[in-house]
file structure_3.txt (compact mmCIF, C-alpha atoms)
# COMPACT_ATOMS: atom_id res chain seq x y z
CA MET A 1 20.07 -80.35 -69.21
CA ASN A 2 19.85 -81.84 -65.68
CA LYS A 3 21.82 -84.80 -66.95
CA SER A 4 24.49 -82.39 -68.27
CA LEU A 5 24.74 -80.53 -64.97
CA SER A 6 24.94 -83.78 -63.01
CA LEU A 7 27.70 -85.12 -65.22
CA LEU A 8 29.51 -81.77 -65.05
CA LYS A 9 29.47 -81.76 -61.24
CA GLN A 10 30.69 -85.36 -61.13
CA SER A 11 33.47 -84.61 -63.62
CA LYS A 12 34.47 -81.47 -61.70
CA SER A 13 34.64 -83.43 -58.44
CA ASP A 14 36.82 -86.11 -60.05
CA PHE A 15 38.99 -83.42 -61.61
CA LEU A 16 39.74 -81.67 -58.33
CA THR A 17 41.06 -84.89 -56.81
CA LYS A 18 43.64 -85.41 -59.54
CA SER A 19 47.09 -83.88 -59.58
CA ALA A 20 47.90 -81.09 -62.00
CA THR A 21 50.27 -83.38 -63.88
CA ASN A 22 47.60 -85.97 -64.55
CA VAL A 23 45.17 -83.32 -65.75
CA GLU A 24 47.68 -81.93 -68.23
CA GLU A 25 48.51 -85.40 -69.54
CA GLU A 26 44.94 -86.68 -69.86
CA SER A 27 42.70 -83.62 -70.56
CA PRO A 28 39.77 -85.89 -71.48
CA VAL A 29 36.85 -84.56 -73.50
CA THR A 30 33.43 -85.72 -72.31
CA VAL A 31 30.75 -85.83 -75.04
CA ILE A 32 27.10 -86.01 -73.98
CA GLU A 33 23.71 -85.51 -75.62
CA SER A 34 21.77 -82.53 -74.27
CA LEU A 35 18.69 -80.46 -75.11
CA CYS A 36 18.95 -77.42 -77.40
CA MET A 37 17.10 -74.50 -75.80
CA TYR A 38 16.32 -72.95 -79.21
CA CYS A 39 14.73 -75.76 -81.25
CA HIS A 40 14.19 -78.22 -78.36
CA GLU A 41 15.92 -81.01 -80.27
CA ASN A 42 18.91 -82.92 -78.93
CA GLY A 43 22.36 -81.45 -79.55
CA THR A 44 25.91 -82.34 -78.48
CA SER A 45 27.81 -80.93 -75.49
CA ARG A 46 31.56 -81.32 -75.10
CA ILE A 47 33.19 -80.74 -71.71
CA MET A 48 36.95 -80.62 -71.08
CA LEU A 49 38.74 -80.06 -67.78
CA THR A 50 42.17 -78.55 -68.24
CA LEU A 51 44.83 -76.22 -66.87
CA ILE A 52 45.61 -72.75 -68.19
CA PRO A 53 49.03 -71.38 -67.17
CA HIS A 54 48.74 -68.70 -64.49
CA PHE A 55 45.02 -69.48 -64.05
CA LYS A 56 44.90 -72.97 -62.53
CA GLU A 57 41.96 -75.22 -63.44
CA VAL A 58 39.14 -74.35 -65.84
CA ILE A 59 36.16 -76.14 -67.35
CA LEU A 60 35.71 -75.62 -71.10
CA MET A 61 32.22 -76.33 -72.45
CA CYS A 62 30.97 -76.31 -76.03
CA PHE A 63 27.43 -77.00 -77.29
CA GLU A 64 26.38 -77.50 -80.91
CA CYS A 65 22.98 -78.36 -82.38
CA ASP A 66 22.93 -80.06 -85.80
CA HIS A 67 19.22 -79.29 -86.21
CA CYS A 68 19.16 -75.49 -85.95
CA GLY A 69 22.90 -74.71 -86.06
CA PHE A 70 23.03 -73.04 -82.63
CA LYS A 71 26.49 -72.98 -81.02
CA ASN A 72 27.64 -71.85 -77.60
CA ASN A 73 31.01 -71.79 -75.80
CA GLU A 74 31.61 -71.22 -72.08
CA VAL A 75 34.47 -71.16 -69.58
CA GLN A 76 33.96 -71.88 -65.87
CA SER A 77 36.45 -71.97 -63.02
CA GLY A 78 37.29 -75.49 -61.88
CA SER A 79 39.23 -74.36 -58.81
CA ALA A 80 38.05 -73.33 -55.39
CA VAL A 81 36.81 -69.80 -54.78
CA HIS A 82 39.65 -67.66 -53.41
CA GLU A 83 39.59 -66.45 -49.82
CA THR A 84 39.34 -62.86 -51.07
CA GLY A 85 37.90 -61.10 -54.08
CA SER A 86 40.06 -59.03 -56.42
CA ILE A 87 39.88 -55.80 -58.40
CA GLN A 88 42.39 -55.67 -61.27
CA THR A 89 42.81 -52.34 -63.05
CA CYS A 90 44.90 -52.20 -66.22
CA THR A 91 45.96 -48.98 -67.95
CA VAL A 92 45.90 -49.49 -71.74
CA LYS A 93 48.32 -47.19 -73.55
CA ASN A 94 48.90 -48.81 -76.94
CA LYS A 95 47.93 -51.69 -79.22
CA ALA A 96 50.36 -54.04 -77.45
CA ASP A 97 48.27 -53.68 -74.30
CA LEU A 98 45.18 -54.72 -76.26
CA ASN A 99 46.81 -58.14 -76.72
CA ARG A 100 47.06 -58.81 -72.98
CA GLN A 101 45.44 -62.13 -72.15
CA VAL A 102 42.43 -61.92 -69.84
CA VAL A 103 40.60 -64.60 -67.90
CA LYS A 104 37.17 -63.28 -66.90
CA SER A 105 35.21 -65.64 -64.69
CA GLU A 106 31.44 -65.85 -64.66
CA SER A 107 31.36 -63.87 -61.39
CA ALA A 108 33.39 -60.89 -62.68
CA SER A 109 32.20 -57.50 -63.91
CA VAL A 110 34.09 -55.45 -66.51
CA LYS A 111 34.21 -51.65 -66.36
CA PHE A 112 35.69 -49.11 -68.77
CA VAL A 113 36.48 -46.43 -66.20
CA GLU A 114 36.65 -43.29 -68.38
CA LEU A 115 33.36 -44.19 -70.09
CA ASP A 116 31.69 -45.18 -66.81
CA PHE A 117 30.46 -48.19 -68.78
CA GLU A 118 30.14 -51.42 -66.78
CA ILE A 119 29.22 -54.95 -67.85
CA PRO A 120 27.58 -56.78 -64.91
CA PRO A 121 28.62 -60.38 -64.12
CA ALA A 122 25.26 -61.91 -65.06
CA THR A 123 25.33 -60.62 -68.65
CA GLN A 124 28.44 -62.51 -69.81
CA ARG A 125 29.75 -66.00 -69.22
CA GLY A 126 33.30 -66.85 -68.22
CA VAL A 127 35.76 -66.42 -71.05
CA LEU A 128 39.46 -66.65 -71.91
CA THR A 129 40.21 -63.76 -74.25
CA THR A 130 42.22 -60.53 -74.60
CA ILE A 131 41.45 -56.91 -73.78
CA GLU A 132 40.76 -56.43 -77.47
CA GLY A 133 38.33 -59.35 -77.33
CA LEU A 134 36.46 -57.81 -74.38
CA ILE A 135 36.07 -54.52 -76.27
CA SER A 136 34.92 -56.25 -79.46
CA LYS A 137 32.38 -58.31 -77.53
CA SER A 138 31.07 -55.15 -75.85
CA ILE A 139 30.66 -53.38 -79.21
CA GLU A 140 28.85 -56.40 -80.61
CA GLY A 141 26.46 -56.55 -77.64
CA LEU A 142 25.66 -52.82 -77.70
CA SER A 143 25.18 -52.72 -81.49
CA ALA A 144 22.65 -55.57 -81.54
CA GLU A 145 19.72 -53.43 -80.29
CA GLN A 146 20.72 -50.12 -81.86
CA PRO A 147 18.20 -50.23 -84.76
CA SER A 148 15.39 -50.71 -82.25
CA ARG A 149 16.70 -47.91 -80.02
CA GLN A 150 17.01 -45.52 -82.97
CA GLU A 151 13.36 -46.03 -83.78
CA ASN A 152 11.85 -46.12 -80.28
CA ALA A 153 14.29 -44.18 -78.06
CA PRO A 154 16.47 -41.76 -80.09
CA GLU A 155 18.05 -40.17 -76.98
CA ILE A 156 19.24 -43.52 -75.64
CA TYR A 157 20.43 -44.44 -79.13
CA GLU A 158 22.67 -41.36 -79.27
CA LYS A 159 24.20 -42.09 -75.85
CA VAL A 160 24.85 -45.75 -76.68
CA GLN A 161 26.28 -44.77 -80.07
CA HIS A 162 28.77 -42.48 -78.32
CA VAL A 163 29.93 -45.41 -76.16
CA ILE A 164 30.25 -47.65 -79.24
CA GLN A 165 32.31 -45.04 -81.11
CA THR A 166 34.61 -44.55 -78.13
CA LEU A 167 35.11 -48.32 -77.76
CA GLN A 168 35.86 -48.53 -81.50
CA SER A 169 38.50 -45.81 -81.10
CA TYR A 170 40.11 -47.97 -78.40
CA LEU A 171 40.39 -50.84 -80.90
CA ASP A 172 41.92 -48.58 -83.58
CA GLY A 173 44.67 -47.61 -81.15
CA PRO A 174 43.92 -45.38 -78.15
CA SER A 175 44.94 -41.74 -78.65
CA THR A 176 44.92 -41.35 -74.86
CA PRO A 177 45.35 -44.08 -72.21
CA PHE A 178 42.22 -45.65 -70.75
CA ASN A 179 41.59 -47.96 -67.80
CA ILE A 180 39.74 -51.27 -67.75
CA GLU A 181 38.70 -52.70 -64.38
CA ILE A 182 37.78 -56.33 -63.65
CA ASN A 183 36.02 -56.79 -60.33
CA ASP A 184 35.66 -60.44 -59.31
CA ALA A 185 34.21 -61.39 -55.93
CA ALA A 186 35.47 -64.96 -56.43
CA GLY A 187 39.04 -63.83 -57.16
CA ASN A 188 39.25 -66.10 -60.22
CA SER A 189 39.90 -63.47 -62.91
CA TYR A 190 43.31 -62.43 -64.21
CA VAL A 191 44.93 -59.86 -66.49
CA GLU A 192 48.29 -60.78 -68.02
CA ASN A 193 51.35 -59.15 -66.48
CA LEU A 194 53.58 -58.15 -69.42
CA CYS A 195 56.50 -57.44 -67.05
CA ALA A 196 56.35 -60.77 -65.20
CA PRO A 197 58.05 -61.82 -63.00
CA ASN A 198 58.50 -58.12 -62.07
CA LYS A 199 55.72 -55.72 -61.07
CA ASP A 200 53.73 -54.30 -63.97
CA PRO A 201 53.42 -50.50 -63.56
CA GLN A 202 50.23 -50.52 -65.67
CA LEU A 203 48.49 -53.22 -63.62
CA LYS A 204 47.07 -52.60 -60.14
CA ILE A 205 45.62 -55.46 -58.08
CA ILE A 206 43.58 -54.96 -54.92
CA HIS A 207 42.31 -57.86 -52.79
CA PHE A 208 39.22 -57.39 -50.62
CA LYS A 209 37.15 -59.36 -48.16
CA ARG A 210 33.76 -60.40 -49.50
CA THR A 211 30.54 -59.25 -47.91
CA ALA A 212 27.87 -61.67 -46.73
CA GLU A 213 25.79 -60.79 -49.81
CA GLN A 214 28.67 -61.61 -52.15
CA ASN A 215 29.26 -64.93 -50.39
CA GLU A 216 25.58 -65.74 -50.82
CA GLU A 217 25.70 -64.88 -54.54
CA LEU A 218 28.68 -67.21 -54.96
CA GLY A 219 26.87 -70.00 -53.12
CA LEU A 220 29.30 -70.01 -50.18
CA GLN A 221 28.13 -71.08 -46.76
CA GLN A 222 28.77 -68.21 -44.38
CA GLU A 223 27.97 -70.33 -41.34
CA GLN A 224 30.66 -72.84 -42.29
CA GLU A 225 33.25 -70.03 -42.51
CA GLU A 226 32.15 -68.71 -39.13
CA ARG A 227 32.52 -72.17 -37.60
CA MET A 228 36.04 -72.41 -39.08
CA ASP A 229 36.91 -68.98 -37.63
CA ALA A 230 35.60 -70.09 -34.25
CA ALA A 231 37.68 -73.27 -34.45
CA ILE A 232 40.81 -71.27 -35.32
CA GLN A 233 40.19 -68.83 -32.45
CA GLU A 234 39.69 -71.69 -30.04
CA ALA A 235 42.93 -73.29 -31.22
CA VAL A 236 44.76 -69.97 -30.80
CA ASP A 237 43.42 -69.54 -27.25
CA ASP A 238 44.50 -73.04 -26.34
CA THR A 239 47.94 -72.55 -27.87
CA LEU A 240 48.56 -69.33 -25.97
CA ASP A 241 48.08 -71.16 -22.68
CA ASP A 242 51.44 -71.55 -20.95
CA GLU A 243 50.89 -75.25 -20.37
CA LEU A 244 50.23 -75.91 -24.06
CA ALA A 245 52.72 -73.45 -25.55
CA ASN A 246 55.07 -76.21 -26.73
CA GLU A 247 52.39 -78.23 -28.46
CA VAL A 248 51.49 -78.22 -32.16
CA HIS A 249 47.76 -77.95 -32.83
CA VAL A 250 46.17 -79.46 -35.91
CA PHE A 251 42.81 -78.57 -37.43
CA HIS A 252 41.28 -79.89 -40.63
CA GLY A 253 40.26 -77.90 -43.69
CA ASN A 254 40.59 -77.72 -47.49
CA CYS A 255 43.57 -76.69 -49.61
CA SER A 256 43.12 -73.15 -50.96
CA ARG A 257 44.64 -74.20 -54.31
CA CYS A 258 43.04 -77.58 -55.21
CA ASN A 259 40.27 -77.78 -52.56
CA ALA A 260 41.44 -81.23 -51.43
CA PRO A 261 41.27 -82.09 -47.68
CA SER A 262 44.43 -80.92 -45.89
CA ASP A 263 45.61 -80.23 -42.33
CA THR A 264 46.82 -76.91 -40.93
CA ARG A 265 49.33 -77.01 -38.05
CA MET A 266 49.76 -74.15 -35.62
CA HIS A 267 52.49 -73.45 -33.09
CA VAL A 268 53.51 -70.52 -30.88
CA MET A 269 57.20 -69.64 -31.08
CA ASP A 270 59.22 -67.05 -29.20
CA ILE A 271 61.88 -65.62 -31.54
CA PRO A 272 64.85 -64.23 -29.56
CA HIS A 273 65.28 -60.45 -29.79
CA PHE A 274 62.00 -60.17 -31.77
CA LYS A 275 58.64 -61.23 -30.31
CA GLU A 276 56.24 -64.12 -29.89
CA VAL A 277 54.63 -65.24 -33.15
CA VAL A 278 51.99 -67.77 -34.16
CA ILE A 279 53.21 -69.94 -37.02
CA MET A 280 50.54 -71.63 -39.15
CA ALA A 281 51.50 -74.17 -41.83
CA THR A 282 49.31 -75.89 -44.40
CA ASP A 283 50.71 -78.82 -46.38
CA CYS A 284 48.58 -80.38 -49.14
CA GLU A 285 49.65 -83.92 -50.01
CA LEU A 286 47.73 -83.80 -53.30
CA CYS A 287 49.08 -80.68 -55.05
CA GLY A 288 52.00 -79.86 -52.75
CA TYR A 289 50.77 -76.39 -51.81
CA LYS A 290 52.21 -74.99 -48.58
CA SER A 291 51.46 -71.81 -46.70
CA ASN A 292 53.20 -70.61 -43.45
CA GLU A 293 53.04 -67.52 -41.32
CA LYS A 294 62.22 -52.00 -44.08
CA ILE A 295 64.94 -54.71 -43.43
CA THR A 296 68.02 -54.55 -45.69
CA LEU A 297 70.65 -57.31 -45.60
CA LYS A 298 73.85 -57.46 -47.61
CA ILE A 299 74.45 -61.15 -48.39
CA ARG A 300 78.14 -61.89 -48.94
CA ASP A 301 78.49 -65.68 -48.69
CA VAL A 302 76.53 -68.93 -48.58
CA GLU A 303 76.35 -68.84 -44.77
CA ASP A 304 74.02 -65.83 -44.96
CA LEU A 305 71.48 -68.00 -46.81
CA ASN A 306 71.00 -70.02 -43.60
CA ARG A 307 69.55 -67.08 -41.66
CA ASP A 308 65.99 -67.59 -40.40
CA ILE A 309 63.40 -65.33 -42.00
CA LEU A 310 59.79 -64.62 -41.09
CA LYS A 311 58.00 -63.04 -44.06
CA SER A 312 54.47 -61.91 -43.29
CA GLU A 313 51.63 -61.75 -45.81
CA THR A 314 52.03 -57.98 -46.02
CA CYS A 315 55.74 -58.05 -46.77
CA GLY A 316 57.32 -57.25 -50.14
CA LEU A 317 60.70 -58.60 -51.24
CA GLU A 318 63.31 -56.97 -53.48
CA ILE A 319 66.75 -57.83 -54.84
CA PRO A 320 67.91 -54.75 -56.82
CA GLU A 321 70.91 -56.48 -58.42
CA ILE A 322 68.66 -58.78 -60.49
CA GLU A 323 65.65 -56.43 -60.69
CA LEU A 324 63.46 -58.76 -58.59
CA ASP A 325 60.52 -56.97 -56.96
CA LEU A 326 57.75 -59.00 -55.32
CA THR A 327 54.77 -56.99 -54.14
CA THR A 328 52.78 -57.37 -50.93
CA GLY A 329 50.93 -60.66 -50.70
CA THR A 330 53.25 -62.65 -52.99
CA LEU A 331 53.90 -66.17 -51.60
CA GLY A 332 51.81 -65.39 -48.49
CA GLY A 333 53.32 -65.73 -45.02
CA ARG A 334 56.51 -67.79 -44.68
CA PHE A 335 58.83 -68.87 -41.84
CA THR A 336 61.89 -70.42 -43.47
CA THR A 337 65.50 -69.52 -44.32
CA VAL A 338 66.74 -67.00 -46.87
CA GLU A 339 67.72 -69.90 -49.14
CA GLY A 340 64.31 -71.54 -48.69
CA LEU A 341 62.46 -68.32 -49.52
CA LEU A 342 64.51 -67.64 -52.65
CA SER A 343 64.03 -71.25 -53.78
CA GLN A 344 60.25 -70.83 -53.40
CA VAL A 345 60.42 -67.63 -55.46
CA TYR A 346 62.30 -69.50 -58.19
CA ASP A 347 59.81 -72.38 -58.21
CA GLU A 348 56.76 -70.08 -58.31
CA ILE A 349 58.13 -68.04 -61.21
CA GLU A 350 59.08 -71.16 -63.14
CA LYS A 351 55.68 -72.84 -62.60
CA THR A 352 53.22 -69.95 -62.88
CA ALA A 353 54.67 -66.90 -64.60
CA ALA A 354 57.03 -68.52 -67.10
CA PRO A 355 54.33 -70.58 -68.93
CA PHE A 356 52.78 -67.33 -70.20
CA SER A 357 55.91 -66.83 -72.30
CA SER A 358 55.65 -70.24 -73.95
CA GLY A 359 53.10 -71.97 -76.16
CA ASP A 360 51.03 -70.27 -78.83
CA SER A 361 50.79 -67.00 -76.88
CA GLY A 362 54.51 -66.76 -76.16
CA SER A 363 57.35 -65.22 -78.12
CA ILE A 364 61.03 -66.01 -78.48
CA GLU A 365 61.95 -62.66 -76.92
CA ARG A 366 59.82 -63.22 -73.80
CA ARG A 367 61.11 -66.79 -73.39
CA ALA A 368 64.69 -65.54 -73.63
CA ALA A 369 63.94 -62.81 -71.06
CA PHE A 370 62.53 -65.36 -68.61
CA ASP A 371 65.47 -67.72 -69.11
CA LYS A 372 67.89 -64.84 -68.49
CA PHE A 373 66.06 -63.80 -65.32
CA LEU A 374 65.91 -67.36 -63.95
CA ALA A 375 69.65 -67.73 -64.61
CA LYS A 376 70.26 -64.55 -62.56
CA LEU A 377 68.12 -65.95 -59.74
CA LYS A 378 70.11 -69.18 -59.83
CA SER A 379 73.36 -67.24 -59.51
CA VAL A 380 71.90 -65.45 -56.46
CA LEU A 381 71.09 -68.81 -54.86
CA ARG A 382 74.73 -69.80 -55.35
CA VAL A 383 75.94 -66.38 -54.07
CA GLU A 384 78.28 -65.99 -57.01
CA GLN A 385 78.52 -62.32 -56.04
CA PRO A 386 77.24 -60.26 -53.08
CA PHE A 387 73.65 -59.02 -53.36
CA THR A 388 71.13 -57.05 -51.32
CA LEU A 389 67.95 -58.53 -49.86
CA ILE A 390 65.25 -55.99 -48.91
CA LEU A 391 62.13 -56.86 -46.89
CA ASP A 392 59.60 -54.03 -46.95
CA ASP A 393 56.68 -54.67 -44.58
CA PRO A 394 54.22 -51.78 -44.13
CA LEU A 395 52.86 -53.42 -40.95
CA GLY A 396 56.25 -54.30 -39.46
CA ASN A 397 55.42 -58.00 -38.93
CA SER A 398 58.47 -59.54 -40.64
CA TYR A 399 61.77 -60.68 -39.15
CA LEU A 400 65.28 -61.52 -40.39
CA GLN A 401 67.72 -63.26 -38.06
CA ASN A 402 70.54 -61.20 -36.60
CA ILE A 403 73.40 -63.67 -36.11
CA TYR A 404 75.25 -61.10 -33.97
CA ALA A 405 72.35 -60.52 -31.54
CA PRO A 406 72.12 -58.80 -29.12
CA ASP A 407 74.82 -56.70 -30.87
CA PRO A 408 74.01 -54.90 -34.15
CA ASP A 409 74.52 -56.79 -37.41
CA PRO A 410 77.06 -54.89 -39.58
CA ASP A 411 75.45 -56.25 -42.76
CA MET A 412 71.84 -55.51 -41.80
CA THR A 413 69.92 -52.25 -41.42
CA ILE A 414 66.37 -51.84 -40.08
CA GLU A 415 64.51 -48.69 -41.08
CA SER A 416 61.19 -47.51 -39.70
CA TYR A 417 59.14 -45.22 -41.90
CA THR A 418 55.70 -43.63 -42.08
CA ARG A 419 53.24 -45.45 -44.31
CA THR A 420 51.90 -43.60 -47.33
CA TYR A 421 48.22 -42.77 -47.75
CA GLU A 422 47.94 -45.43 -50.47
CA GLN A 423 49.38 -48.11 -48.16
CA ASN A 424 46.97 -47.16 -45.37
CA GLU A 425 44.13 -47.27 -47.90
CA ASP A 426 45.11 -50.79 -49.02
CA PHE A 427 44.99 -52.02 -45.40
CA GLY A 428 41.78 -50.13 -44.57
CA LEU A 429 43.53 -47.93 -42.00
CA ASN A 430 42.26 -44.63 -43.40
CA ASP A 431 38.74 -45.56 -42.35
CA LEU A 432 39.65 -45.96 -38.68
CA VAL A 433 38.38 -43.20 -36.33
CA LEU A 434 41.04 -42.71 -33.62
CA GLU A 435 40.16 -39.26 -32.25
CA ASN A 436 36.89 -37.95 -30.80
CA TYR A 437 35.27 -41.27 -31.56
CA GLY A 438 31.50 -41.24 -31.18
CA GLU A 439 31.08 -37.47 -30.78
CA ASN A 440 29.34 -37.13 -34.13
CA GLN A 441 27.29 -40.27 -33.75
CA ASP A 442 23.54 -39.93 -33.46
call {"tool": "encode", "arguments": {"input": "structure_3.txt", "output": "structure tokens"}}
result
Amino acid sequence: MNKSLSLLKQSKSDFLTKSATNVEEESPVTVIESLCMYCHENGTSRIMLTLIPHFKEVILMCFECDHCGFKNNEVQSGSAVHETGSIQTCTVKNKADLNRQVVKSESASVKFVELDFEIPPATQRGVLTTIEGLISKSIEGLSAEQPSRQENAPEIYEKVQHVIQTLQSYLDGPSTPFNIEINDAAGNSYVENLCAPNKDPQLKIIHFKRTAEQNEELGLQQEQEERMDAAIQEAVDDTLDDELANEVHVFHGNCSRCNAPSDTRMHVMDIPHFKEVVIMATDCELCGYKSNEKITLKIRDVEDLNRDILKSETCGLEIPEIELDLTTGTLGGRFTTVEGLLSQVYDEIEKTAAPFSSGDSGSIERRAAFDKFLAKLKSVLRVEQPFTLILDDPLGNSYLQNIYAPDPDPDMTIESYTRTYEQNEDFGLNDLVLENYGENQD
């Protein structure tokens, strides 16, 4: 077993230093001899490192013992742990929703909200399945000990049987909608978006910052993160100095997508008629990942595509004419041009969302829908007809160049509005105490 773990770690390390293209082309299967934990004879383990569309890298492991017939399959994440955890809640209304693909990592819990039934992370391994598969696996796990419960604990048996019957009714076709929640501190679990590349009204995703306890459970080094934060703060303080304001600072780190070593550059820039901003850019030479730090613009010709745009991490983007709606957090922070931003949107949809409509899990209708949408996006990039670009930033940290400044831009409107309760909740603003602070403190 130690030999298996050692080889797995070595293979995973080699895998993370390869490009995605090489992984897809090679996808080697490593076969090793390992100990069976049931009969204590030697069995065969097979390990494959591969890419799953919309889920990045995964490690597929299969064990089989010829002596006792024991078999076991497991999926583990081969990519770096995300900066934030995620809670994905999907509302299941019909049998079509049961076929949504789900990637549940080993660190994720699954909860059926209406039943108040939760499966802790430690009880199930990582798996690539569907919502129907999660329900079936839950029924199988609960049913295994029912004969023993019926004999020794009849009250518990009745309660568990009620849960099993309700889960079975979900499989037969839910008479009323139900919610399934996947809470993953590592941020490596996903539920398929059936409306991609648009927002799925039945899928809600919340990102959260992990606690120290969660970092410890994931094996992350909190001290290393604190040192990185201190280094970033020091770089910011240095950059804000008037004598160093024109310099570009560089600090070393790892790519958030492939975990390869990469440099992050930081520079302070004063945008005319806006404000001073800190621009941070990460460029990974291995995988090509880049990350940089309500406005309505009517785009009428190609010249409008050259306008500078600062899109913050909290900003959503919408083009009503082609039904494009990107929610908060999509693409991260960007300082580019309108053309550059739309090109990045096109590339991301083509590389990450579109593969879900191809292959064994895809359908001709979904492929045709994606092709039609990408063709519309291409026509927007060529400005074949005027269209409207809307930047909706709940925190007001985004900027779109006014080429008529300091005079008003006739094609651009800027609207200030009051955030909704849900938006304040997403940003943690409802928990802030702004009045009479400390009066009720002991």
call {"tool": "closest_residue", "arguments": {"input": "structure_3.txt", "among": "A:Phe117, A:Phe373, A:Tyr417, A:Tyr190", "to": "Thr166 in chain A", "atoms": "only C-alpha atoms"}}
result
A:Phe117
call {"tool": "residues_near_point", "arguments": {"input": "structure_3.txt", "point": "(51.1, -59.4, -46.1)", "cutoff": "8 Å", "atoms": "only C-alpha atoms", "output": "MDAnalysis selection string"}}
result
chainID A and resid 312:316 328:330 332:333 393
call {"tool": "residues_around", "arguments": {"input": "structure_3.txt", "residues": "Ser343 in chain A", "least_positions_apart": "5", "cutoff": "12 Å", "atoms": "all atoms listed in the file", "output": "number ranges by chain"}}
result
A: 305, 331, 336-338, 348-350, 374, 377-382
call {"tool": "write_last_selection", "arguments": {"input": "structure_3.txt", "atoms": "C-alpha atoms", "output": "mmCIF file, in the coordinates of the input"}}
result
data_model
loop_
_atom_site.group_PDB
_atom_site.id
_atom_site.type_symbol
_atom_site.label_atom_id
_atom_site.label_comp_id
_atom_site.auth_asym_id
_atom_site.auth_seq_id
_atom_site.Cartn_x
_atom_site.Cartn_y
_atom_site.Cartn_z
ATOM 1 C CA LEU A 305 71.480 -68.000 -46.810
ATOM 2 C CA LEU A 331 53.900 -66.170 -51.600
ATOM 3 C CA THR A 336 61.890 -70.420 -43.470
ATOM 4 C CA THR A 337 65.500 -69.520 -44.320
ATOM 5 C CA VAL A 338 66.740 -67.000 -46.870
ATOM 6 C CA GLU A 348 56.760 -70.080 -58.310
ATOM 7 C CA ILE A 349 58.130 -68.040 -61.210
ATOM 8 C CA GLU A 350 59.080 -71.160 -63.140
ATOM 9 C CA LEU A 374 65.910 -67.360 -63.950
ATOM 10 C CA LEU A 377 68.120 -65.950 -59.740
ATOM 11 C CA LYS A 378 70.110 -69.180 -59.830
ATOM 12 C CA SER A 379 73.360 -67.240 -59.510
ATOM 13 C CA VAL A 380 71.900 -65.450 -56.460
ATOM 14 C CA LEU A 381 71.090 -68.810 -54.860
ATOM 15 C CA ARG A 382 74.730 -69.800 -55.350
#
call {"tool": "residues_around", "arguments": {"input": "structure_3.txt", "residues": "Cys65 in chain A", "least_positions_apart": "4", "cutoff": "10 Å", "atoms": "all atoms listed in the file", "output": "PyMOL selection string"}}
result
chain A and resi 33-45+69-72
call {"tool": "write_last_selection", "arguments": {"input": "structure_3.txt", "atoms": "C-alpha atoms", "output": "short mmCIF file (atom, residue, chain, number, x, y, z; two decimals), in the coordinates of the input"}}
result
data_model
loop_
_atom_site.label_atom_id
_atom_site.label_comp_id
_atom_site.auth_asym_id
_atom_site.auth_seq_id
_atom_site.Cartn_x
_atom_site.Cartn_y
_atom_site.Cartn_z
CA GLU A 33 23.71 -85.51 -75.62
CA SER A 34 21.77 -82.53 -74.27
CA LEU A 35 18.69 -80.46 -75.11
CA CYS A 36 18.95 -77.42 -77.40
CA MET A 37 17.10 -74.50 -75.80
CA TYR A 38 16.32 -72.95 -79.21
CA CYS A 39 14.73 -75.76 -81.25
CA HIS A 40 14.19 -78.22 -78.36
CA GLU A 41 15.92 -81.01 -80.27
CA ASN A 42 18.91 -82.92 -78.93
CA GLY A 43 22.36 -81.45 -79.55
CA THR A 44 25.91 -82.34 -78.48
CA SER A 45 27.81 -80.93 -75.49
CA GLY A 69 22.90 -74.71 -86.06
CA PHE A 70 23.03 -73.04 -82.63
CA LYS A 71 26.49 -72.98 -81.02
CA ASN A 72 27.64 -71.85 -77.60
#
call {"tool": "atom_distance", "arguments": {"input": "structure_3.txt", "atom1": "CA of Pro177 in chain A", "atom2": "CA of Ala368 in chain A"}}
result
28.9 Å
call {"tool": "residues_near_point", "arguments": {"input": "structure_3.txt", "point": "(48.5, -44.1, -67.2)", "cutoff": "10 Å", "atoms": "only C-alpha atoms", "output": "mmCIF file with C-alpha atoms, in the coordinates of the input"}}
result
data_model
loop_
_atom_site.group_PDB
_atom_site.id
_atom_site.type_symbol
_atom_site.label_atom_id
_atom_site.label_comp_id
_atom_site.auth_asym_id
_atom_site.auth_seq_id
_atom_site.Cartn_x
_atom_site.Cartn_y
_atom_site.Cartn_z
ATOM 1 C CA CYS A 90 44.900 -52.200 -66.220
ATOM 2 C CA THR A 91 45.960 -48.980 -67.950
ATOM 3 C CA VAL A 92 45.900 -49.490 -71.740
ATOM 4 C CA LYS A 93 48.320 -47.190 -73.550
ATOM 5 C CA THR A 176 44.920 -41.350 -74.860
ATOM 6 C CA PRO A 177 45.350 -44.080 -72.210
ATOM 7 C CA PHE A 178 42.220 -45.650 -70.750
ATOM 8 C CA ASN A 179 41.590 -47.960 -67.800
ATOM 9 C CA PRO A 201 53.420 -50.500 -63.560
ATOM 10 C CA GLN A 202 50.230 -50.520 -65.670
ATOM 11 C CA LEU A 203 48.490 -53.220 -63.620
#
call {"tool": "residues_around", "arguments": {"input": "structure_3.txt", "residues": "range 138-150 of chain A", "least_positions_apart": "3", "cutoff": "12 Å", "atoms": "only C-alpha atoms", "output": "ChimeraX atom specification"}}
result
/A:110-112,117-120,123-124,131-135,153-171
call {"tool": "closest_residue", "arguments": {"input": "structure_3.txt", "among": "A:Asn424, A:Asn73, A:Thr388, A:Asn188", "to": "Leu324 in chain A", "atoms": "all atoms listed in the file"}}
result
A:Thr388
call {"tool": "axis_aligned_box", "arguments": {"input": "structure_3.txt", "around": "range 391-404 of chain A", "padding_each_side": "3 Å", "output": "AutoDock Vina command-line options"}}
result
--center_x 64.1 --center_y -57.7 --center_z -40.5 --size_x 28.4 --size_y 17.9 --size_z 19.0
